[in-house]
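Source file: final08.csv; contents: CSV, C-alpha atoms.
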```
chain,number,residue,atom,x,y,z
K,1,MET,CA,-97.1,-30.0,-0.7
K,2,ARG,CA,-96.3,-33.7,-0.4
K,3,PRO,CA,-93.0,-34.7,1.3
K,4,SER,CA,-91.7,-36.2,-1.9
K,5,SER,CA,-92.4,-33.1,-3.9
K,6,ALA,CA,-90.6,-30.9,-1.2
K,7,ILE,CA,-87.5,-33.0,-1.4
K,8,THR,CA,-87.5,-33.0,-5.2
K,9,SER,CA,-87.9,-29.2,-5.3
K,10,PHE,CA,-85.0,-28.7,-2.8
K,11,VAL,CA,-82.6,-30.9,-4.7
K,12,SER,CA,-83.4,-29.3,-8.0
K,13,ASP,CA,-83.3,-25.7,-6.7
K,14,GLU,CA,-80.0,-24.0,-8.0
K,15,SER,CA,-80.3,-20.6,-6.2
K,16,GLY,CA,-76.9,-19.7,-4.4
K,17,ALA,CA,-74.9,-22.7,-5.9
K,18,VAL,CA,-72.4,-20.4,-7.8
K,19,THR,CA,-71.6,-18.5,-4.6
K,20,VAL,CA,-71.0,-21.7,-2.6
K,21,ASP,CA,-68.7,-23.1,-5.4
K,22,TRP,CA,-66.7,-19.8,-5.6
K,23,VAL,CA,-66.1,-19.7,-1.9
K,24,VAL,CA,-64.9,-23.3,-2.0
K,25,ILE,CA,-62.6,-22.8,-5.0
K,26,THR,CA,-61.2,-19.5,-3.6
K,27,ALA,CA,-60.4,-21.1,-0.3
K,28,ALA,CA,-58.6,-24.0,-2.0
K,29,ILE,CA,-56.5,-21.6,-4.1
K,30,THR,CA,-55.6,-19.5,-1.1
K,31,GLY,CA,-54.5,-22.6,0.8
K,32,LEU,CA,-52.4,-23.7,-2.1
K,33,GLY,CA,-50.8,-20.2,-2.4
K,34,VAL,CA,-49.9,-20.3,1.3
K,35,ALA,CA,-48.3,-23.7,0.9
K,36,VAL,CA,-46.3,-22.6,-2.1
K,37,ALA,CA,-45.2,-19.4,-0.4
K,38,VAL,CA,-43.9,-21.2,2.7
K,39,THR,CA,-41.9,-23.7,0.5
K,40,VAL,CA,-40.4,-21.0,-1.7
K,41,ALA,CA,-39.5,-18.7,1.3
K,42,THR,CA,-37.7,-21.5,3.1
K,43,GLY,CA,-35.7,-22.4,0.0
K,44,THR,CA,-34.9,-18.7,-0.7
K,45,VAL,CA,-33.6,-18.1,2.8
K,46,GLN,CA,-31.4,-21.2,2.6
K,47,LEU,CA,-30.0,-20.2,-0.8
K,48,GLY,CA,-29.4,-16.6,0.4
K,49,GLY,CA,-27.4,-18.0,3.4
K,50,SER,CA,-25.3,-20.2,1.1
K,51,ILE,CA,-24.5,-17.3,-1.3
K,52,SER,CA,-23.7,-15.0,1.6
K,53,GLY,CA,-21.3,-17.5,3.1
K,54,ALA,CA,-19.6,-18.1,-0.2
K,55,VAL,CA,-19.1,-14.4,-1.0
K,56,ALA,CA,-17.8,-13.7,2.5
K,57,GLN,CA,-15.1,-16.5,2.1
K,58,ALA,CA,-14.2,-15.8,-1.5
K,59,PRO,CA,-10.9,-13.8,-2.1
K,60,VAL,CA,-11.3,-10.5,-3.9
K,61,THR,CA,-9.1,-10.8,-7.0
K,62,LEU,CA,-8.9,-8.4,-10.0
K,63,GLY,CA,-8.1,-9.8,-13.4
K,64,SER,CA,-4.4,-9.3,-14.1
K,65,THR,CA,-5.0,-7.0,-17.1
K,66,PHE,CA,-7.3,-4.8,-15.2
K,67,ARG,CA,-5.2,-4.8,-12.1
K,68,SER,CA,-1.9,-3.9,-13.9
K,69,GLY,CA,-3.7,-1.3,-16.0
K,70,LEU,CA,-5.1,0.4,-12.9
K,71,SER,CA,-1.8,0.3,-11.1
K,72,ARG,CA,0.0,2.0,-13.9
K,73,LEU,CA,-2.2,5.0,-13.6
K,74,GLY,CA,-0.3,6.3,-10.5
K,75,GLU,CA,0.8,5.5,-7.0
K,76,LEU,CA,1.6,2.0,-6.0
K,77,VAL,CA,3.0,2.6,-2.5
K,78,SER,CA,2.7,5.4,0.0
K,79,MET,CA,3.9,5.2,3.6
K,80,ASP,CA,4.9,7.7,6.2
K,81,PHE,CA,5.4,5.0,8.9
K,82,SER,CA,3.0,6.7,11.3
K,83,ASP,CA,0.9,3.6,11.4
K,84,GLY,CA,3.9,1.3,12.1
K,85,ASP,CA,3.7,-0.3,8.6
K,86,THR,CA,7.1,-1.3,7.3
K,87,SER,CA,5.9,-3.8,4.6
K,88,GLY,CA,8.5,-4.6,2.0
K,89,TRP,CA,11.5,-3.3,4.1
K,90,SER,CA,14.3,-5.5,5.4
K,91,SER,CA,14.0,-3.7,8.8
K,92,ASP,CA,11.1,-2.8,11.0
K,93,ARG,CA,13.1,-0.4,13.1
K,94,LEU,CA,11.1,2.8,13.7
K,95,GLY,CA,12.1,6.2,15.2
K,96,PHE,CA,10.1,9.3,16.2
K,97,THR,CA,10.8,12.9,17.1
K,98,GLU,CA,8.4,15.8,17.4
K,99,ALA,CA,10.1,17.6,14.6
K,100,LEU,CA,10.3,14.6,12.1
K,101,GLY,CA,7.4,12.5,13.2
K,102,ALA,CA,7.7,8.7,12.6
K,103,PHE,CA,10.4,7.4,10.3
K,104,LEU,CA,12.2,4.2,9.4
K,105,GLY,CA,15.5,4.1,11.3
K,106,PRO,CA,17.7,5.4,12.6
K,107,PHE,CA,20.5,3.3,11.0
K,108,GLY,CA,24.3,3.5,11.3
K,109,GLY,CA,27.2,2.3,9.3
K,110,ALA,CA,27.3,-1.0,11.2
K,111,ASP,CA,23.7,-1.8,10.2
K,112,GLY,CA,24.7,-2.6,6.6
K,113,VAL,CA,22.2,-2.4,3.7
K,114,VAL,CA,18.6,-1.5,4.4
K,115,SER,CA,16.5,-2.7,1.5
K,116,TYR,CA,13.1,-2.4,0.0
K,117,ASP,CA,11.5,-4.8,-2.5
K,118,VAL,CA,9.9,-2.8,-5.3
K,119,SER,CA,7.0,-4.7,-6.9
K,120,LEU,CA,5.8,-3.4,-10.3
K,121,PRO,CA,2.8,-4.3,-12.4
K,122,ALA,CA,3.2,-6.2,-15.6
K,123,GLY,CA,4.0,-4.0,-18.6
K,124,ALA,CA,5.3,-1.0,-16.5
K,125,ASN,CA,7.7,1.0,-18.6
K,126,GLU,CA,8.7,3.5,-16.0
K,127,ALA,CA,8.9,3.5,-12.2
K,128,THR,CA,9.6,6.3,-9.7
K,129,ILE,CA,10.7,6.0,-6.1
K,130,SER,CA,10.6,9.0,-3.8
K,131,PHE,CA,11.5,9.5,-0.2
K,132,ASP,CA,12.8,11.8,2.5
K,133,LEU,CA,16.4,11.0,3.4
K,134,LEU,CA,17.1,12.1,7.0
K,135,VAL,CA,20.8,12.9,7.5
K,136,LEU,CA,21.0,12.8,11.3
K,137,ASP,CA,23.7,14.3,13.6
K,138,SER,CA,27.4,14.8,12.9
K,139,TRP,CA,28.1,13.7,9.3
K,140,ASP,CA,31.6,14.8,8.3
K,141,ALA,CA,31.7,14.1,4.5
K,142,ASN,CA,35.3,13.0,3.7
K,143,ILE,CA,37.1,15.6,5.8
K,144,GLY,CA,40.5,14.3,6.9
K,145,GLY,CA,40.7,13.4,10.5
K,146,LEU,CA,36.9,13.4,11.0
K,147,SER,CA,35.9,10.5,8.7
K,148,SER,CA,37.4,7.3,7.3
K,149,GLY,CA,37.0,5.0,4.4
K,150,ARG,CA,34.7,6.5,1.7
K,151,GLY,CA,33.7,9.2,4.1
K,152,ASP,CA,30.2,9.9,5.7
K,153,GLY,CA,28.0,9.3,2.8
K,154,MET,CA,25.0,7.4,1.4
K,155,SER,CA,25.2,4.5,-1.0
K,156,VAL,CA,22.1,3.7,-3.2
K,157,THR,CA,22.0,0.3,-4.9
K,158,ILE,CA,19.7,-1.5,-7.2
K,159,ASP,CA,19.8,-5.3,-6.9
K,160,GLY,CA,23.2,-4.9,-5.2
K,161,THR,CA,24.7,-2.6,-7.9
K,162,GLU,CA,25.5,1.0,-6.8
K,163,ILE,CA,23.7,3.7,-8.8
K,164,ALA,CA,24.6,6.7,-6.6
K,165,PHE,CA,26.9,7.7,-3.8
K,166,GLU,CA,26.8,11.1,-2.1
K,167,LEU,CA,28.7,12.6,0.9
K,168,PHE,CA,27.0,14.8,3.5
K,169,MET,CA,28.2,17.3,6.0
K,170,HIS,CA,26.4,18.8,9.0
K,171,ALA,CA,26.0,22.5,9.3
K,172,GLY,CA,28.6,24.4,11.3
K,173,HIS,CA,31.7,23.1,9.6
K,174,SER,CA,33.6,25.5,7.4
K,175,GLN,CA,33.1,23.3,4.3
K,176,ALA,CA,29.4,22.5,5.0
K,177,GLY,CA,28.3,24.7,2.2
K,178,ASP,CA,30.1,22.5,-0.4
K,179,TYR,CA,27.7,19.7,0.4
K,180,THR,CA,24.3,21.4,0.5
K,181,GLY,CA,23.7,21.8,-3.2
K,182,PRO,CA,21.5,19.5,-5.4
K,183,ARG,CA,22.9,16.2,-6.5
K,184,SER,CA,22.0,14.2,-9.7
K,185,GLY,CA,23.3,11.4,-11.8
K,186,GLN,CA,22.3,8.4,-13.8
K,187,VAL,CA,23.4,4.8,-14.3
K,188,THR,CA,22.4,2.2,-16.9
K,189,ILE,CA,22.2,-1.4,-15.8
K,190,GLY,CA,21.2,-3.8,-18.5
K,191,ASP,CA,18.2,-2.3,-20.3
K,192,THR,CA,17.3,0.0,-17.4
K,193,THR,CA,18.4,3.6,-16.9
K,194,TYR,CA,18.2,4.8,-13.3
K,195,ALA,CA,18.3,8.6,-12.7
K,196,THR,CA,18.8,9.9,-9.2
K,197,THR,CA,18.2,13.4,-7.8
K,198,MET,CA,18.7,14.7,-4.3
K,199,ASN,CA,17.7,18.1,-3.0
K,200,MET,CA,18.0,19.4,0.6
K,201,VAL,CA,14.7,20.8,1.7
K,202,SER,CA,15.1,21.4,5.4
K,203,GLU,CA,17.9,21.9,8.0
K,204,GLY,CA,17.7,22.1,11.8
K,205,SER,CA,18.0,20.3,15.1
K,206,PHE,CA,15.4,17.6,14.5
K,207,HIS,CA,16.9,14.7,16.3
K,208,GLY,CA,17.2,15.9,19.8
K,209,ASN,CA,20.9,16.9,20.1
K,210,THR,CA,23.2,19.8,19.3
K,211,TRP,CA,24.0,18.7,15.8
K,212,THR,CA,22.2,20.2,12.8
K,213,ASP,CA,20.2,17.6,10.9
K,214,GLN,CA,19.1,17.7,7.2
K,215,VAL,CA,16.1,16.4,5.2
K,216,TRP,CA,16.8,15.6,1.6
K,217,GLN,CA,14.2,14.7,-1.0
K,218,VAL,CA,15.4,11.8,-3.1
K,219,GLU,CA,13.9,10.7,-6.3
K,220,ILE,CA,14.9,7.7,-8.4
K,221,SER,CA,13.3,7.1,-11.8
K,222,ALA,CA,13.8,3.8,-13.7
K,223,SER,CA,13.2,3.8,-17.4
K,224,ASN,CA,12.3,0.4,-18.8
K,225,PRO,CA,12.5,-1.3,-15.3
K,226,PRO,CA,13.1,-5.0,-14.9
K,227,PRO,CA,9.9,-7.0,-15.2
K,228,GLY,CA,8.2,-7.5,-11.9
K,229,GLY,CA,10.5,-5.0,-10.0
K,230,PHE,CA,13.8,-4.8,-8.3
K,231,GLN,CA,15.4,-4.3,-4.9
K,232,LEU,CA,16.4,-0.8,-3.6
K,233,GLY,CA,19.3,-0.7,-1.2
K,234,LEU,CA,20.4,2.1,1.1
K,235,GLN,CA,23.6,2.1,3.2
K,236,GLY,CA,25.3,4.8,5.2
K,237,THR,CA,29.1,4.6,5.1
K,238,LEU,CA,29.3,6.1,8.6
K,239,ASP,CA,32.2,5.4,11.0
K,240,GLN,CA,30.7,6.4,14.3
K,241,GLY,CA,28.0,5.0,16.5
K,242,ILE,CA,24.3,5.3,15.7
K,243,HIS,CA,23.8,8.0,18.4
K,244,ASP,CA,26.4,10.3,16.7
K,245,GLU,CA,25.9,9.6,13.0
K,246,SER,CA,22.8,7.9,11.4
K,247,PHE,CA,20.2,8.2,8.7
K,248,GLY,CA,16.4,7.6,8.5
K,249,ILE,CA,13.7,7.3,5.8
K,250,GLY,CA,10.5,9.2,5.8
K,251,SER,CA,7.5,9.7,3.4
K,252,PHE,CA,8.3,6.8,1.1
K,253,GLY,CA,6.4,6.3,-2.2
K,254,VAL,CA,6.5,4.2,-5.4
K,255,SER,CA,4.6,4.9,-8.6
K,256,ALA,CA,4.7,3.4,-12.1
K,257,GLN,CA,3.2,3.9,-15.5
```
Could you show the structure in this file as C-alpha cells?
Amino acid sequence: MRPSSAITSFVSDESGAVTVDWVVITAAITGLGVAVAVTVATGTVQLGGSISGAVAQAPVTLGSTFRSGLSRLGELVSMDFSDGDTSGWSSDRLGFTEALGAFLGPFGGADGVVSYDVSLPAGANEATISFDLLVLDSWDANIGGLSSGRGDGMSVTIDGTEIAFELFMHAGHSQAGDYTGPRSGQVTIGDTTYATTMNMVSEGSFHGNTWTDQVWQVEISASNPPPGGFQLGLQGTLDQGIHDESFGIGSFGVSAQ
C-alpha cells in the first residue's frame, strides 16, 4: 500500500470513535458535577451556620392567645422553696427544719407585710392560691395577758385590703381547742369575690423548741379576678420576737382557668 493510501485509510477509519467520544463527554460531566457539588456544599454549610446562630439567639415566645389558653388549663406557679427560688415574693428569707423542709420565712410581727405578686393570663375568670401556713412557736390568740393589740393572728390582704383575719393558739393552752377548727369566709372587692378557707392538717414540735407548731392548708379563690392579677399580702400580728412567735410559708401554688 502506498503511504498516501495508508494515511487516507487511517483518517477515514471510524472504528472506536464512539467509545472515545463517550469517555471524553463522561469525564467532562463528572468534572462539572464535582465543581457544582463543591460550590453547593460550601453555600449550604454557610447557610446552616447562619440559621443555627439565628435560632440560638432568638427568644422563644408563644403567641398571646395560645399562651393564655394553655395557662388557663391548670397550674401557673408551684414552689416548695427547696431550690431557693423565691420569685415573685417581697422577701427571699428562707428557713429549714428536718420536719418542715425548706420554707419561706420565718417572719415576725415586726417584719410587716410579706407579699407575692400574682400574675394571671388574659381572660382568666377564676384564680386559686394555695399554700401551707406554718404557725410556729408560742402563738397566744387574743388571751388577755399573753397577747396585745389584735392578738396573735394572721392578716391576709389583696392589694392592701384585708380579706381575712384569723387568730391562732399553740397546743397546751386550756383554750387551744377553740382555735383548731376550720376557718372560712369571703369578701367582695369591686367585681371580684375572694373566698378563703383554712384547715389545720398537722401539729407537732416542728421548729426545734418546746412549743407545739401547726401546719394549716390555706386556699384563696378569686372569682372574676382583676385583669392581669393582684398582690397577695400576709402579715402576722405577733407581739413577741421572731424566735418566740413567727410564721412561714410552704408549698405555694397558683392556678387559673
query = Which polymer residues have any atom within 7 Å of an atom of range 83-95 of chain K, counting only C-alpha atoms, with same-chain residues fewer than 4 positions away left out, as a ChimeraX atom specification?
reply = /K:102-106,114-117
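Straight-line separation from CA of Gly151 in chain K to CA of Gly208 in chain K: 23.7 Å.
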request  = Between CA of Asp132 in chain K and CA of Met79 in chain K, measure the distance and give it in Å to one decimal.
outcome  =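 If I compute the distance from CA of Asp132 in chain K to CA of Met79 in chain K, I get 11.1 Å.
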Sorted by chain and rising residue number, list the residues of range 230-255 of chain K at most 6 Å from range 135-149 of chain K (counting only C-alpha atoms), each with its closest atom pair and distance in Å to one decimal, as CSV.
```
residue,atom,partner,partner_atom,distance
K:Asp244,CA,K:Asp137,CA,5.7
K:Glu245,CA,K:Asp137,CA,5.2
K:Ser246,CA,K:Leu136,CA,5.2
K:Phe247,CA,K:Val135,CA,4.9
```
Using only C-alpha atoms, please write the residues we just selected to a file, as a tab-separated table (two decimals), in the frame of the given file.
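Below is the file that was written, again.tsv:
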```tsv
chain	number	residue	atom	x	y	z
K	244	ASP	CA	26.40	10.30	16.70
K	245	GLU	CA	25.90	9.60	13.00
K	246	SER	CA	22.80	7.90	11.40
K	247	PHE	CA	20.20	8.20	8.70
```
K:Ala110, K:Val254, K:Val187, K:Ile129 ranked by distance to Leu238 in chain K, top pick (using all atoms listed in the file) =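 So, comparing all the options, the nearest one is K:Ala110.
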ask   = What is the CA of Leu134 in chain K-CA of Ile249 in chain K distance in Å, reported with one decimal?
value = 6.0 Å
request  = Kindly indicate which residue among K:Ala256, K:Val118, K:Ala222, K:Met198 lies nearest to Tyr179 in chain K, using all atoms listed in the file for the distances.
outcome  = K:Met198
inquiry  = I'd like to know which of K:Pro121, K:Pro225, K:Gly233, K:Gly181 is closest to Thr197 in chain K, using only C-alpha atoms.
reply    = K:Gly181
request  = Quick one: everything within 7 Å of Gln217 in chain K, counting only C-alpha atoms, minus sequence neighbours fewer than 4 positions away in the same chain. Send it as a count of residues only.
outcome  = 7
